[in-house]
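The structure appears right after this line, and notes come after that.
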Amino acid sequence: MVEFVDFDKIDVEDIVNRIRQGEIFIYPTDTVYALGCNALKPASVAAIRQIVHSKPLAIIAPNKKWIFENLIVNKKSYIQTLPGPFTFILTMKKRCVARNVNPGHDNLGVRIPYHAFTRLVQKADVPFVIVNISSINEKPIRDIKKVSRLILKKVNVAINDGFLTNHVSTIIDITEDMAKIVK
(Lines give C-alpha, C1' and ligand atoms only; values in the text may rest on other atoms or scores of the structure.)
Protein backbone atom coordinates (compact mmCIF):
# COMPACT_ATOMS: atom_id res chain seq x y z
CA MET A 1 0.00 0.00 0.00
CA VAL A 2 1.27 3.46 -0.89
CA GLU A 3 2.58 5.72 1.86
CA PHE A 4 1.79 9.40 1.31
CA VAL A 5 4.39 11.82 2.64
CA ASP A 6 4.30 15.61 2.57
CA PHE A 7 7.59 16.85 1.17
CA ASP A 8 8.22 19.22 4.06
CA LYS A 9 7.80 16.36 6.56
CA ILE A 10 10.01 13.67 5.05
CA ASP A 11 12.62 11.78 7.02
CA VAL A 12 15.65 12.32 4.77
CA GLU A 13 17.60 9.23 5.86
CA ASP A 14 14.53 7.00 5.50
CA ILE A 15 13.77 8.26 1.97
CA VAL A 16 17.43 8.00 0.91
CA ASN A 17 17.55 4.38 2.13
CA ARG A 18 14.30 3.59 0.34
CA ILE A 19 15.69 5.11 -2.87
CA ARG A 20 18.79 2.90 -2.59
CA GLN A 21 16.66 -0.19 -1.90
CA GLY A 22 14.68 0.28 -5.10
CA GLU A 23 11.25 1.26 -3.82
CA ILE A 24 8.84 2.79 -6.34
CA PHE A 25 8.15 6.52 -5.89
CA ILE A 26 5.80 9.18 -7.15
CA TYR A 27 7.67 12.40 -6.56
CA PRO A 28 7.76 16.09 -7.45
CA THR A 29 10.20 17.59 -9.93
CA ASP A 30 10.79 21.10 -11.23
CA THR A 31 8.19 20.37 -13.89
CA VAL A 32 5.49 17.79 -13.02
CA TYR A 33 5.06 14.69 -10.84
CA ALA A 34 7.09 11.69 -11.91
CA LEU A 35 7.35 7.99 -11.26
CA GLY A 36 10.74 6.55 -10.42
CA CYS A 37 13.06 4.11 -8.73
CA ASN A 38 16.74 3.27 -8.41
CA ALA A 39 17.84 2.78 -12.03
CA LEU A 40 20.36 0.13 -10.97
CA LYS A 41 17.63 -2.27 -9.74
CA PRO A 42 16.21 -4.30 -12.68
CA ALA A 43 13.21 -5.59 -10.68
CA SER A 44 12.23 -2.05 -9.70
CA VAL A 45 12.62 -0.81 -13.27
CA ALA A 46 10.44 -3.74 -14.44
CA ALA A 47 7.76 -2.64 -11.97
CA ILE A 48 7.88 0.90 -13.43
CA ARG A 49 7.56 -0.51 -16.95
CA GLN A 50 4.43 -2.45 -15.93
CA ILE A 51 2.88 0.83 -14.83
CA VAL A 52 3.81 3.08 -17.76
CA HIS A 53 4.68 0.78 -20.69
CA SER A 54 7.08 3.49 -21.81
CA LYS A 55 9.79 3.62 -24.40
CA PRO A 56 13.33 4.01 -23.05
CA LEU A 57 13.18 5.63 -19.63
CA ALA A 58 15.17 8.69 -18.59
CA ILE A 59 17.05 9.06 -15.33
CA ILE A 60 18.00 11.71 -12.83
CA ALA A 61 21.78 11.71 -12.67
CA PRO A 62 23.13 11.90 -9.12
CA ASN A 63 25.43 14.74 -10.24
CA LYS A 64 27.23 16.23 -13.25
CA LYS A 65 30.38 14.23 -12.49
CA TRP A 66 28.34 11.04 -12.94
CA ILE A 67 27.19 12.30 -16.35
CA PHE A 68 30.75 13.01 -17.51
CA GLU A 69 32.04 9.65 -16.18
CA ASN A 70 29.31 7.52 -17.75
CA LEU A 71 28.14 9.33 -20.88
CA ILE A 72 29.75 10.84 -23.95
CA VAL A 73 29.33 14.60 -23.66
CA ASN A 74 30.32 16.51 -26.79
CA LYS A 75 28.46 19.62 -25.76
CA LYS A 76 29.51 20.42 -22.21
CA SER A 77 27.67 23.75 -22.28
CA TYR A 78 24.34 21.91 -22.34
CA ILE A 79 25.20 19.96 -19.18
CA GLN A 80 26.20 23.21 -17.48
CA THR A 81 22.53 24.33 -17.77
CA LEU A 82 21.61 21.67 -15.21
CA PRO A 83 19.80 21.61 -12.91
CA GLY A 84 16.87 22.67 -14.99
CA PRO A 85 13.84 21.57 -17.02
CA PHE A 86 15.83 19.71 -19.68
CA THR A 87 16.31 16.06 -20.56
CA PHE A 88 19.45 15.47 -22.59
CA ILE A 89 19.87 12.35 -24.67
CA LEU A 90 23.48 11.17 -24.56
CA THR A 91 25.37 8.03 -25.56
CA MET A 92 26.61 5.77 -22.78
CA LYS A 93 30.33 5.06 -22.52
CA LYS A 94 29.49 1.92 -20.58
CA ARG A 95 26.40 0.28 -19.11
CA CYS A 96 25.56 2.59 -16.18
CA VAL A 97 21.92 1.68 -15.52
CA ALA A 98 19.94 -1.57 -15.50
CA ARG A 99 19.50 -2.93 -19.04
CA ASN A 100 15.71 -2.60 -18.87
CA VAL A 101 15.95 1.18 -18.43
CA ASN A 102 16.78 1.54 -22.13
CA PRO A 103 16.64 -1.95 -23.69
CA GLY A 104 18.41 -2.21 -27.01
CA HIS A 105 19.72 1.36 -26.85
CA ASP A 106 23.13 2.88 -26.22
CA ASN A 107 21.56 6.28 -25.55
CA LEU A 108 20.17 7.49 -22.25
CA GLY A 109 17.97 10.46 -21.36
CA VAL A 110 19.43 12.36 -18.40
CA ARG A 111 18.02 15.09 -16.16
CA ILE A 112 18.92 16.93 -13.00
CA PRO A 113 15.68 18.62 -11.95
CA TYR A 114 15.81 21.90 -10.08
CA HIS A 115 13.82 20.57 -7.11
CA ALA A 116 14.73 19.64 -3.54
CA PHE A 117 13.82 15.97 -4.22
CA THR A 118 16.90 15.85 -6.44
CA ARG A 119 19.07 16.39 -3.35
CA LEU A 120 17.68 13.12 -1.95
CA VAL A 121 18.69 11.30 -5.14
CA GLN A 122 22.12 12.95 -4.93
CA LYS A 123 22.48 11.83 -1.32
CA ALA A 124 21.51 8.26 -2.34
CA ASP A 125 24.21 8.54 -5.06
CA VAL A 126 22.36 6.40 -7.61
CA PRO A 127 20.80 7.13 -11.00
CA PHE A 128 17.04 7.38 -10.52
CA VAL A 129 14.32 6.70 -13.10
CA ILE A 130 12.21 9.70 -14.07
CA VAL A 131 9.09 9.22 -16.14
CA ASN A 132 6.21 11.69 -16.24
CA ILE A 133 2.89 10.42 -15.01
CA SER A 134 0.02 11.26 -17.33
CA SER A 135 -3.68 11.41 -16.66
CA ILE A 136 -6.19 9.43 -18.70
CA ASN A 137 -6.33 12.25 -21.25
CA GLU A 138 -2.50 12.22 -21.47
CA LYS A 139 -1.99 15.49 -19.62
CA PRO A 140 0.97 15.52 -17.21
CA ILE A 141 0.08 15.25 -13.53
CA ARG A 142 0.66 18.49 -11.63
CA ASP A 143 -1.45 17.54 -8.58
CA ILE A 144 -0.66 14.28 -6.78
CA LYS A 145 -4.37 13.91 -5.95
CA LYS A 146 -4.97 13.31 -9.68
CA VAL A 147 -2.81 10.16 -9.82
CA SER A 148 -5.01 7.16 -10.63
CA ARG A 149 -5.67 4.52 -7.98
CA LEU A 150 -4.35 1.88 -10.36
CA ILE A 151 -0.94 3.55 -10.28
CA LEU A 152 -1.04 4.24 -6.54
CA LYS A 153 -1.59 0.52 -5.85
CA LYS A 154 1.79 -0.23 -7.45
CA VAL A 155 3.80 2.48 -5.68
CA ASN A 156 5.56 2.38 -2.29
CA VAL A 157 5.88 6.12 -1.61
CA ALA A 158 4.02 9.16 -2.95
CA ILE A 159 5.64 12.47 -2.02
CA ASN A 160 3.25 15.42 -2.11
CA ASP A 161 4.67 18.87 -2.76
CA GLY A 162 1.40 20.55 -3.67
CA PHE A 163 0.33 21.74 -7.09
CA LEU A 164 3.22 22.02 -9.57
CA THR A 165 2.86 24.84 -12.07
CA ASN A 166 5.45 24.11 -14.77
CA HIS A 167 5.44 22.21 -18.06
CA VAL A 168 7.22 18.96 -18.90
CA SER A 169 10.94 19.14 -19.62
CA THR A 170 12.32 19.83 -23.07
CA ILE A 171 14.03 16.75 -24.53
CA ILE A 172 17.18 17.54 -26.49
CA ASP A 173 19.26 14.95 -28.35
CA ILE A 174 22.92 15.94 -28.12
CA THR A 175 24.39 12.69 -29.44
CA GLU A 176 25.25 14.26 -32.81
CA ASP A 177 27.10 17.43 -33.84
CA MET A 178 23.82 19.34 -34.14
CA ALA A 179 21.58 19.36 -31.08
CA LYS A 180 18.01 18.40 -31.91
CA ILE A 181 14.89 19.14 -29.88
CA VAL A 182 12.97 15.88 -29.68
CA LYS A 183 9.98 17.08 -27.68
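Residue numbers start at 1 in each chain; chains themselves are named A, B, ... in the order of the C-alpha coordinates; ligands are numbered from 1 in the order shown.
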Could the residues of stretch 123-169 of chain A that have an atom at most 7 Å from stretch 17-40 of chain A be listed as JSON lines, each with its closest atom pair and the distance in Å to one decimal, counting only C-alpha atoms and ordered by chain and ascending residue number?
{"residue": "A:Ala124", "atom": "CA", "partner": "A:Arg20", "partner_atom": "CA", "distance": 6.0}
{"residue": "A:Val126", "atom": "CA", "partner": "A:Asn38", "partner_atom": "CA", "distance": 6.5}
{"residue": "A:Pro127", "atom": "CA", "partner": "A:Ala39", "partner_atom": "CA", "distance": 5.4}
{"residue": "A:Phe128", "atom": "CA", "partner": "A:Asn38", "partner_atom": "CA", "distance": 4.6}
{"residue": "A:Val129", "atom": "CA", "partner": "A:Gly36", "partner_atom": "CA", "distance": 4.5}
{"residue": "A:Ile130", "atom": "CA", "partner": "A:Gly36", "partner_atom": "CA", "distance": 5.0}
{"residue": "A:Val131", "atom": "CA", "partner": "A:Ala34", "partner_atom": "CA", "distance": 5.3}
{"residue": "A:Asn132", "atom": "CA", "partner": "A:Ala34", "partner_atom": "CA", "distance": 4.4}
{"residue": "A:Ile133", "atom": "CA", "partner": "A:Ala34", "partner_atom": "CA", "distance": 5.4}
{"residue": "A:Pro140", "atom": "CA", "partner": "A:Val32", "partner_atom": "CA", "distance": 6.6}
{"residue": "A:Ile141", "atom": "CA", "partner": "A:Tyr33", "partner_atom": "CA", "distance": 5.7}
{"residue": "A:Arg142", "atom": "CA", "partner": "A:Val32", "partner_atom": "CA", "distance": 5.1}
{"residue": "A:Val155", "atom": "CA", "partner": "A:Ile24", "partner_atom": "CA", "distance": 5.1}
{"residue": "A:Asn156", "atom": "CA", "partner": "A:Ile24", "partner_atom": "CA", "distance": 5.2}
{"residue": "A:Val157", "atom": "CA", "partner": "A:Phe25", "partner_atom": "CA", "distance": 4.9}
{"residue": "A:Ala158", "atom": "CA", "partner": "A:Ile26", "partner_atom": "CA", "distance": 4.6}
{"residue": "A:Ile159", "atom": "CA", "partner": "A:Tyr27", "partner_atom": "CA", "distance": 5.0}
{"residue": "A:Asn160", "atom": "CA", "partner": "A:Tyr27", "partner_atom": "CA", "distance": 7.0}
{"residue": "A:Asp161", "atom": "CA", "partner": "A:Pro28", "partner_atom": "CA", "distance": 6.3}
{"residue": "A:Leu164", "atom": "CA", "partner": "A:Val32", "partner_atom": "CA", "distance": 5.9}
{"residue": "A:Asn166", "atom": "CA", "partner": "A:Thr31", "partner_atom": "CA", "distance": 4.7}
{"residue": "A:His167", "atom": "CA", "partner": "A:Thr31", "partner_atom": "CA", "distance": 5.3}
{"residue": "A:Val168", "atom": "CA", "partner": "A:Thr31", "partner_atom": "CA", "distance": 5.3}
{"residue": "A:Ser169", "atom": "CA", "partner": "A:Thr31", "partner_atom": "CA", "distance": 6.5}
Can you check which residues of stretch 105-176 of chain A DSSP gives as strand (DSSP E or B) on the backbone and send them as a tab-separated table (two decimals) with N, CA and C atoms, in the first residue's frame?
chain	number	residue	atom	x	y	z
A	107	ASN	N	21.82	4.91	-25.99
A	107	ASN	CA	21.56	6.28	-25.55
A	107	ASN	C	20.76	6.27	-24.26
A	108	LEU	N	20.87	7.36	-23.53
A	108	LEU	CA	20.17	7.49	-22.25
A	108	LEU	C	19.74	8.94	-22.07
A	109	GLY	N	18.48	9.13	-21.70
A	109	GLY	CA	17.97	10.46	-21.36
A	109	GLY	C	18.35	10.78	-19.92
A	110	VAL	N	18.91	11.98	-19.71
A	110	VAL	CA	19.43	12.36	-18.40
A	110	VAL	C	18.91	13.72	-17.99
A	111	ARG	N	18.49	13.82	-16.72
A	111	ARG	CA	18.02	15.09	-16.16
A	111	ARG	C	18.67	15.32	-14.81
A	128	PHE	N	18.41	7.60	-10.95
A	128	PHE	CA	17.04	7.38	-10.52
A	128	PHE	C	16.09	7.60	-11.69
A	129	VAL	N	15.26	6.62	-11.98
A	129	VAL	CA	14.32	6.70	-13.10
A	129	VAL	C	13.41	7.91	-12.94
A	130	ILE	N	13.17	8.59	-14.04
A	130	ILE	CA	12.21	9.70	-14.07
A	130	ILE	C	11.33	9.51	-15.30
A	131	VAL	N	10.05	9.31	-15.05
A	131	VAL	CA	9.09	9.22	-16.14
A	131	VAL	C	7.84	9.98	-15.70
A	132	ASN	N	7.40	10.89	-16.56
A	132	ASN	CA	6.21	11.69	-16.24
A	132	ASN	C	5.00	10.79	-16.11
A	134	SER	N	1.06	10.57	-16.58
A	134	SER	CA	0.02	11.26	-17.33
A	134	SER	C	-1.35	10.82	-16.84
A	140	PRO	N	0.06	15.82	-18.33
A	140	PRO	CA	0.97	15.52	-17.21
A	140	PRO	C	0.30	15.84	-15.87
A	157	VAL	N	5.87	4.80	-2.24
A	157	VAL	CA	5.88	6.12	-1.61
A	157	VAL	C	5.40	7.17	-2.60
A	158	ALA	N	4.48	8.03	-2.14
A	158	ALA	CA	4.02	9.16	-2.95
A	158	ALA	C	4.32	10.43	-2.16
A	159	ILE	N	5.20	11.26	-2.71
A	159	ILE	CA	5.64	12.47	-2.02
A	159	ILE	C	4.86	13.66	-2.59
A	160	ASN	N	4.10	14.30	-1.72
A	160	ASN	CA	3.25	15.42	-2.11
A	160	ASN	C	3.97	16.74	-1.86
A	170	THR	N	11.98	19.86	-21.65
A	170	THR	CA	12.32	19.83	-23.07
A	170	THR	C	13.35	18.73	-23.27
A	171	ILE	N	13.11	17.86	-24.25
A	171	ILE	CA	14.03	16.75	-24.53
A	171	ILE	C	14.91	17.15	-25.70
A	172	ILE	N	16.21	17.11	-25.48
A	172	ILE	CA	17.18	17.54	-26.49
A	172	ILE	C	18.19	16.43	-26.73
A	173	ASP	N	18.28	15.98	-27.96
A	173	ASP	CA	19.26	14.95	-28.35
A	173	ASP	C	20.58	15.65	-28.66
Practice problem: Taking the DSSP assignment computed from this structure's backbone, write out as a VMD selection string all residues of stretch 19-163 of chain A that belong to alpha helix (DSSP H). | Solution: chain A and resid 19 to 21 42 to 52 64 to 70 76 to 79 116 to 124 149 to 152
Exercise. Find, counting only C-alpha atoms, the residue in A:Asn100, A:Met1, A:Lys146, A:His115 that gets nearest to A:His53.
Key: A:Asn100
Practice problem: Please provide as a list of chain:residue names all residues within 10 Å of stretch 64-71 of chain A, with the sequence filter that same-chain residues fewer than 3 positions apart are discarded (counting only C-alpha atoms). | Solution: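 Here the qualifying residues turn out to be A:Ile60, A:Ala61, A:Asn74, A:Lys76, A:Ile79, A:Gln80, A:Leu82, A:Pro83, A:Ile89, A:Leu90, A:Thr91, A:Met92, A:Lys93, A:Lys94, A:Arg95, A:Cys96, A:Val97, A:Asp106, A:Asn107, A:Leu108, A:Val110, A:Arg111, A:Ile112, A:Asp125, A:Val126, A:Pro127, A:Thr175.
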Selected residues written out with N, CA and C atoms, as an mmCIF file, in the first residue's frame:
data_model
loop_
_atom_site.group_PDB
_atom_site.id
_atom_site.type_symbol
_atom_site.label_atom_id
_atom_site.label_comp_id
_atom_site.auth_asym_id
_atom_site.auth_seq_id
_atom_site.Cartn_x
_atom_site.Cartn_y
_atom_site.Cartn_z
ATOM 1 N N ILE A 60 17.378 10.565 -13.504
ATOM 2 C CA ILE A 60 17.996 11.706 -12.833
ATOM 3 C C ILE A 60 19.414 11.258 -12.522
ATOM 4 N N ALA A 61 20.381 12.014 -12.997
ATOM 5 C CA ALA A 61 21.777 11.713 -12.667
ATOM 6 C C ALA A 61 22.048 12.205 -11.251
ATOM 7 N N ASN A 74 29.632 15.681 -25.804
ATOM 8 C CA ASN A 74 30.324 16.514 -26.788
ATOM 9 C C ASN A 74 30.001 17.989 -26.605
ATOM 10 N N LYS A 76 29.473 20.199 -23.660
ATOM 11 C CA LYS A 76 29.514 20.422 -22.211
ATOM 12 C C LYS A 76 28.644 21.596 -21.778
ATOM 13 N N ILE A 79 25.215 20.564 -20.523
ATOM 14 C CA ILE A 79 25.205 19.959 -19.183
ATOM 15 C C ILE A 79 25.342 21.049 -18.122
ATOM 16 N N GLN A 80 26.036 22.115 -18.448
ATOM 17 C CA GLN A 80 26.199 23.213 -17.483
ATOM 18 C C GLN A 80 24.871 23.917 -17.193
ATOM 19 N N LEU A 82 22.274 22.440 -16.264
ATOM 20 C CA LEU A 82 21.611 21.666 -15.213
ATOM 21 C C LEU A 82 22.045 22.153 -13.842
ATOM 22 N N PRO A 83 21.163 22.133 -12.844
ATOM 23 C CA PRO A 83 19.801 21.608 -12.905
ATOM 24 C C PRO A 83 18.885 22.539 -13.687
ATOM 25 N N ILE A 89 19.597 13.708 -24.219
ATOM 26 C CA ILE A 89 19.874 12.352 -24.672
ATOM 27 C C ILE A 89 21.348 12.292 -25.024
ATOM 28 N N LEU A 90 22.038 11.359 -24.384
ATOM 29 C CA LEU A 90 23.478 11.174 -24.564
ATOM 30 C C LEU A 90 23.769 9.697 -24.815
ATOM 31 N N THR A 91 24.939 9.402 -25.343
ATOM 32 C CA THR A 91 25.366 8.030 -25.562
ATOM 33 C C THR A 91 26.175 7.555 -24.360
ATOM 34 N N MET A 92 25.878 6.330 -23.927
ATOM 35 C CA MET A 92 26.607 5.774 -22.783
ATOM 36 C C MET A 92 28.007 5.332 -23.197
ATOM 37 N N LYS A 93 28.987 5.582 -22.331
ATOM 38 C CA LYS A 93 30.334 5.063 -22.519
ATOM 39 C C LYS A 93 30.366 3.588 -22.145
ATOM 40 N N LYS A 94 29.570 3.269 -21.124
ATOM 41 C CA LYS A 94 29.490 1.920 -20.576
ATOM 42 C C LYS A 94 28.095 1.762 -19.986
ATOM 43 N N ARG A 95 27.709 0.540 -19.714
ATOM 44 C CA ARG A 95 26.395 0.282 -19.110
ATOM 45 C C ARG A 95 26.404 0.877 -17.699
ATOM 46 N N CYS A 96 25.566 1.881 -17.459
ATOM 47 C CA CYS A 96 25.563 2.591 -16.182
ATOM 48 C C CYS A 96 24.209 2.558 -15.480
ATOM 49 N N VAL A 97 23.246 1.872 -16.099
ATOM 50 C CA VAL A 97 21.918 1.676 -15.521
ATOM 51 C C VAL A 97 21.493 0.245 -15.856
ATOM 52 N N ASP A 106 21.888 2.398 -26.830
ATOM 53 C CA ASP A 106 23.129 2.880 -26.219
ATOM 54 C C ASP A 106 22.958 4.296 -25.690
ATOM 55 N N ASN A 107 21.822 4.910 -25.994
ATOM 56 C CA ASN A 107 21.564 6.279 -25.548
ATOM 57 C C ASN A 107 20.758 6.270 -24.262
ATOM 58 N N LEU A 108 20.866 7.363 -23.526
ATOM 59 C CA LEU A 108 20.173 7.494 -22.251
ATOM 60 C C LEU A 108 19.737 8.938 -22.068
ATOM 61 N N VAL A 110 18.915 11.978 -19.711
ATOM 62 C CA VAL A 110 19.433 12.355 -18.398
ATOM 63 C C VAL A 110 18.912 13.719 -17.993
ATOM 64 N N ARG A 111 18.494 13.824 -16.725
ATOM 65 C CA ARG A 111 18.019 15.087 -16.155
ATOM 66 C C ARG A 111 18.670 15.318 -14.806
ATOM 67 N N ILE A 112 18.693 16.548 -14.390
ATOM 68 C CA ILE A 112 18.925 16.932 -13.002
ATOM 69 C C ILE A 112 17.892 18.020 -12.726
ATOM 70 N N ASP A 125 23.101 8.761 -4.128
ATOM 71 C CA ASP A 125 24.208 8.544 -5.058
ATOM 72 C C ASP A 125 23.944 7.410 -6.054
ATOM 73 N N VAL A 126 22.718 7.383 -6.586
ATOM 74 C CA VAL A 126 22.357 6.399 -7.609
ATOM 75 C C VAL A 126 21.587 7.110 -8.721
ATOM 76 N N PRO A 127 21.680 6.600 -9.949
ATOM 77 C CA PRO A 127 20.803 7.132 -11.000
ATOM 78 C C PRO A 127 19.376 6.723 -10.665
ATOM 79 N N THR A 175 23.476 13.772 -29.066
ATOM 80 C CA THR A 175 24.386 12.687 -29.436
ATOM 81 C C THR A 175 25.134 12.982 -30.733
#
Practice problem: Could you please determine the separation between atom CA of A:Val182 and atom CA of A:His105 in Å, to one decimal place? | Solution: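 Straight-line distance from atom CA of A:Val182 to atom CA of A:His105 works out to 16.3 Å.
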Quiz item: At what distance in Å, to one decimal, does atom CA of A:Lys183 lie from atom CA of A:Ala116?
Solution: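 Going from atom CA of A:Ala116 over to atom CA of A:Lys183 covers 24.7 Å.
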Quiz item: Could you state the separation of atom CA of A:Leu120 and atom CA of A:Pro85 in Å, given to one decimal place?
Solution: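 Result for atom CA of A:Leu120 versus atom CA of A:Pro85: 17.7 Å, one decimal.
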Quiz item: Residues at most 10 Å from A:Arg49, counting only C-alpha atoms, excluding those fewer than 5 positions away in the same chain, as a PyMOL selection string?
Solution: chain A and resi 43-44+54-57+100-101+131
Please save N, CA and C atoms of the selected residues as a tab-separated table (two decimals), in the first residue's frame.
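Contents of the output file selection16.tsv:
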chain	number	residue	atom	x	y	z
A	43	ALA	N	14.57	-5.23	-11.10
A	43	ALA	CA	13.21	-5.59	-10.68
A	43	ALA	C	12.36	-4.34	-10.46
A	44	SER	N	12.95	-3.31	-9.92
A	44	SER	CA	12.23	-2.05	-9.70
A	44	SER	C	11.90	-1.38	-11.03
A	54	SER	N	6.42	2.40	-21.10
A	54	SER	CA	7.08	3.49	-21.81
A	54	SER	C	8.21	2.99	-22.68
A	55	LYS	N	8.59	3.83	-23.61
A	55	LYS	CA	9.79	3.62	-24.40
A	55	LYS	C	11.00	3.68	-23.48
A	56	PRO	N	12.20	3.89	-23.98
A	56	PRO	CA	13.33	4.01	-23.05
A	56	PRO	C	13.03	5.05	-21.97
A	57	LEU	N	13.42	4.74	-20.76
A	57	LEU	CA	13.18	5.63	-19.63
A	57	LEU	C	14.36	6.58	-19.46
A	100	ASN	N	17.11	-2.84	-18.52
A	100	ASN	CA	15.71	-2.60	-18.87
A	100	ASN	C	15.30	-1.13	-18.75
A	101	VAL	N	16.24	-0.26	-18.39
A	101	VAL	CA	15.95	1.18	-18.43
A	101	VAL	C	15.84	1.62	-19.89
A	131	VAL	N	10.05	9.31	-15.05
A	131	VAL	CA	9.09	9.22	-16.14
A	131	VAL	C	7.84	9.98	-15.70
